[in-house]
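Written below as structure tokens is the structure these notes are about.
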Amino acid sequence: QGSACLGLVGRRHVVLGALKRQPNELSSYQRKLLEIDDHVVAAIAGLNADARSLAKYMRTECLNHKYVYGGPLQAARLVTDVADKYQRCTQTYVRRPYGVGLLVAAFDQTGPHLYETCPSGNLNEYAAIAIGARAQSAKTHLEKHFDTFKSLDLDDLIKHALKALAGCVT
């Protein structure tokens with residue numbers, strides 16, 4: 001598992017947070033938040049090379065949809081396509097499965113959304129979730145307070161995200 005990342009959904013906002021850890025002293029930090037489109041951002045926990053490959057696929061799908069239909073691609077459809085791509089790799093022996101979990105935050109006509117995909121091809125939509133190494137303490141914090149998330153503004157959502165991530169550091 002990669003380092004922890006989490007997401008929270010408010011009434012009008014989605015907040016993503018991630019821990020950036022150095023594997024050793026000589027290496028640099030890896031990017032954990034990837035912009036996919038104007039309305040979609042992904043947080044990664046796992047292998048960065050696989051995440052970049054999936055992000056490139058997602059960007060291409062968004063651009064193709066925008067070019068053909070003149071509008072943004074719905075997030076649910078995009079994440080379903082990515083989950084199908086994950087699942088195809090688990091069915092065949094031609095290539096190894098993707099080793100990355102994605103949290104995809106999106107805002108479309110129906111409001112804010114937070115999706116999680118995992119290497120098995122499962123897809124879920126959440127109000128709040130944490131994935132990655134040592135993410136259990138963040139999940140516990142989110143479970144305690146998730147009833148209040150819909151009524152909070154952006155600054156308070158960010159504070160909750162930072163408090164939840166603080167538990168993953170120790």
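Order determines the names: the first chain of the structure tokens is A, the second B, and so forth; residues in each chain are numbered 1 upward, and ligands are numbered 1 upward as they are shown.
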For this session: Please return as a VMD selection string: the residues of chain A that backbone DSSP assigns to helix (DSSP H, G or I).
Result: chain A and resid 48 to 69 75 to 91 136 to 151 154 to 169
Exercise. Can you tell me, as a ChimeraX atom specification, what residues are no more than 9 Å from stretch 39-47 of chain A when counting only C-alpha atoms, ignoring any on the same chain fewer than 4 positions away?
Worked result: /A:1-7,16-18,31-35,51-52,55,72,75,98-108,131-133
Generate the output file for the selected residues, C-alpha atoms, as a short mmCIF file (atom, residue, chain, number, x, y, z; two decimals), in the first residue's frame.
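Result file result.cif:
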```
data_model
loop_
_atom_site.label_atom_id
_atom_site.label_comp_id
_atom_site.auth_asym_id
_atom_site.auth_seq_id
_atom_site.Cartn_x
_atom_site.Cartn_y
_atom_site.Cartn_z
CA GLN A 1 0.00 0.00 0.00
CA GLY A 2 1.08 3.53 -0.68
CA SER A 3 1.00 6.41 1.76
CA ALA A 4 -2.37 7.53 3.06
CA CYS A 5 -4.78 9.78 1.21
CA LEU A 6 -8.33 10.75 2.03
CA GLY A 7 -11.35 12.58 0.72
CA LEU A 16 -8.68 15.59 -1.03
CA GLY A 17 -5.63 15.25 1.18
CA ALA A 18 -2.53 13.06 0.97
CA ARG A 31 3.06 13.73 -6.57
CA LYS A 32 -0.02 12.35 -4.85
CA LEU A 33 -2.73 14.60 -6.35
CA LEU A 34 -3.21 14.58 -10.11
CA GLU A 35 -5.44 16.98 -12.01
CA ALA A 51 -1.26 6.02 -11.40
CA ARG A 52 0.33 8.14 -14.13
CA ALA A 55 -4.31 9.48 -15.20
CA PRO A 72 -17.36 17.74 -19.71
CA ALA A 75 -17.45 11.72 -13.34
CA TYR A 98 -2.63 -2.17 -11.57
CA GLY A 99 -1.08 -1.62 -8.15
CA VAL A 100 -2.74 1.64 -7.21
CA GLY A 101 -5.88 2.79 -5.48
CA LEU A 102 -7.48 6.02 -6.64
CA LEU A 103 -9.70 8.51 -4.89
CA VAL A 104 -11.41 10.56 -7.57
CA ALA A 105 -13.02 13.85 -6.55
CA ALA A 106 -15.38 15.48 -9.02
CA PHE A 107 -17.93 18.25 -9.25
CA ASP A 108 -20.60 18.09 -11.94
CA ILE A 131 -7.00 4.64 1.82
CA GLY A 132 -3.37 3.67 1.96
CA ALA A 133 -0.88 2.67 4.64
#
```
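Of the listed residues (A:Asn124, A:Asn64, A:Gln136, A:Ser28), A:Gln136 comes nearest to A:Ala164; the distances count only C-alpha atoms.
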Could the residues of stretch 37-70 of chain A that have an atom at most 9 Å from stretch 79-91 of chain A be listed as a tab-separated table, each with its closest atom pair and the distance in Å to one decimal, counting only C-alpha atoms and ordered by chain and ascending residue number?
```
residue	atom	partner	partner_atom	distance
A:Leu54	CA	A:Val82	CA	7.4
A:Tyr57	CA	A:Val82	CA	8.2
A:Met58	CA	A:Val82	CA	7.4
```
Residues as selected, all heavy atoms, written as a JSON list (two decimals), in the first residue's frame, can you do that?
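In the end it all went to part.json:
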```json
[["chain", "number", "residue", "atom", "x", "y", "z"],
["A", 54, "LEU", "N", -2.89, 5.53, -15.59],
["A", 54, "LEU", "CA", -4.34, 5.68, -15.49],
["A", 54, "LEU", "C", -4.78, 7.13, -15.61],
["A", 54, "LEU", "O", -5.82, 7.43, -16.21],
["A", 54, "LEU", "CB", -4.84, 5.08, -14.17],
["A", 54, "LEU", "CG", -4.79, 3.56, -14.09],
["A", 54, "LEU", "CD1", -5.04, 3.10, -12.66],
["A", 54, "LEU", "CD2", -5.78, 2.94, -15.04],
["A", 57, "TYR", "N", -4.83, 8.01, -19.23],
["A", 57, "TYR", "CA", -6.04, 7.44, -19.83],
["A", 57, "TYR", "C", -7.26, 8.30, -19.51],
["A", 57, "TYR", "O", -8.08, 8.61, -20.39],
["A", 57, "TYR", "CB", -6.24, 6.01, -19.33],
["A", 57, "TYR", "CG", -7.57, 5.42, -19.69],
["A", 57, "TYR", "CD1", -7.83, 4.95, -20.97],
["A", 57, "TYR", "CD2", -8.59, 5.33, -18.75],
["A", 57, "TYR", "CE1", -9.06, 4.42, -21.31],
["A", 57, "TYR", "CE2", -9.82, 4.80, -19.07],
["A", 57, "TYR", "CZ", -10.05, 4.34, -20.34],
["A", 57, "TYR", "OH", -11.27, 3.82, -20.67],
["A", 58, "MET", "N", -7.39, 8.72, -18.24],
["A", 58, "MET", "CA", -8.53, 9.52, -17.83],
["A", 58, "MET", "C", -8.53, 10.89, -18.51],
["A", 58, "MET", "O", -9.58, 11.38, -18.95],
["A", 58, "MET", "CB", -8.53, 9.69, -16.31],
["A", 58, "MET", "CG", -8.79, 8.40, -15.56],
["A", 58, "MET", "SD", -8.44, 8.51, -13.79],
["A", 58, "MET", "CE", -9.81, 9.46, -13.22]]
```
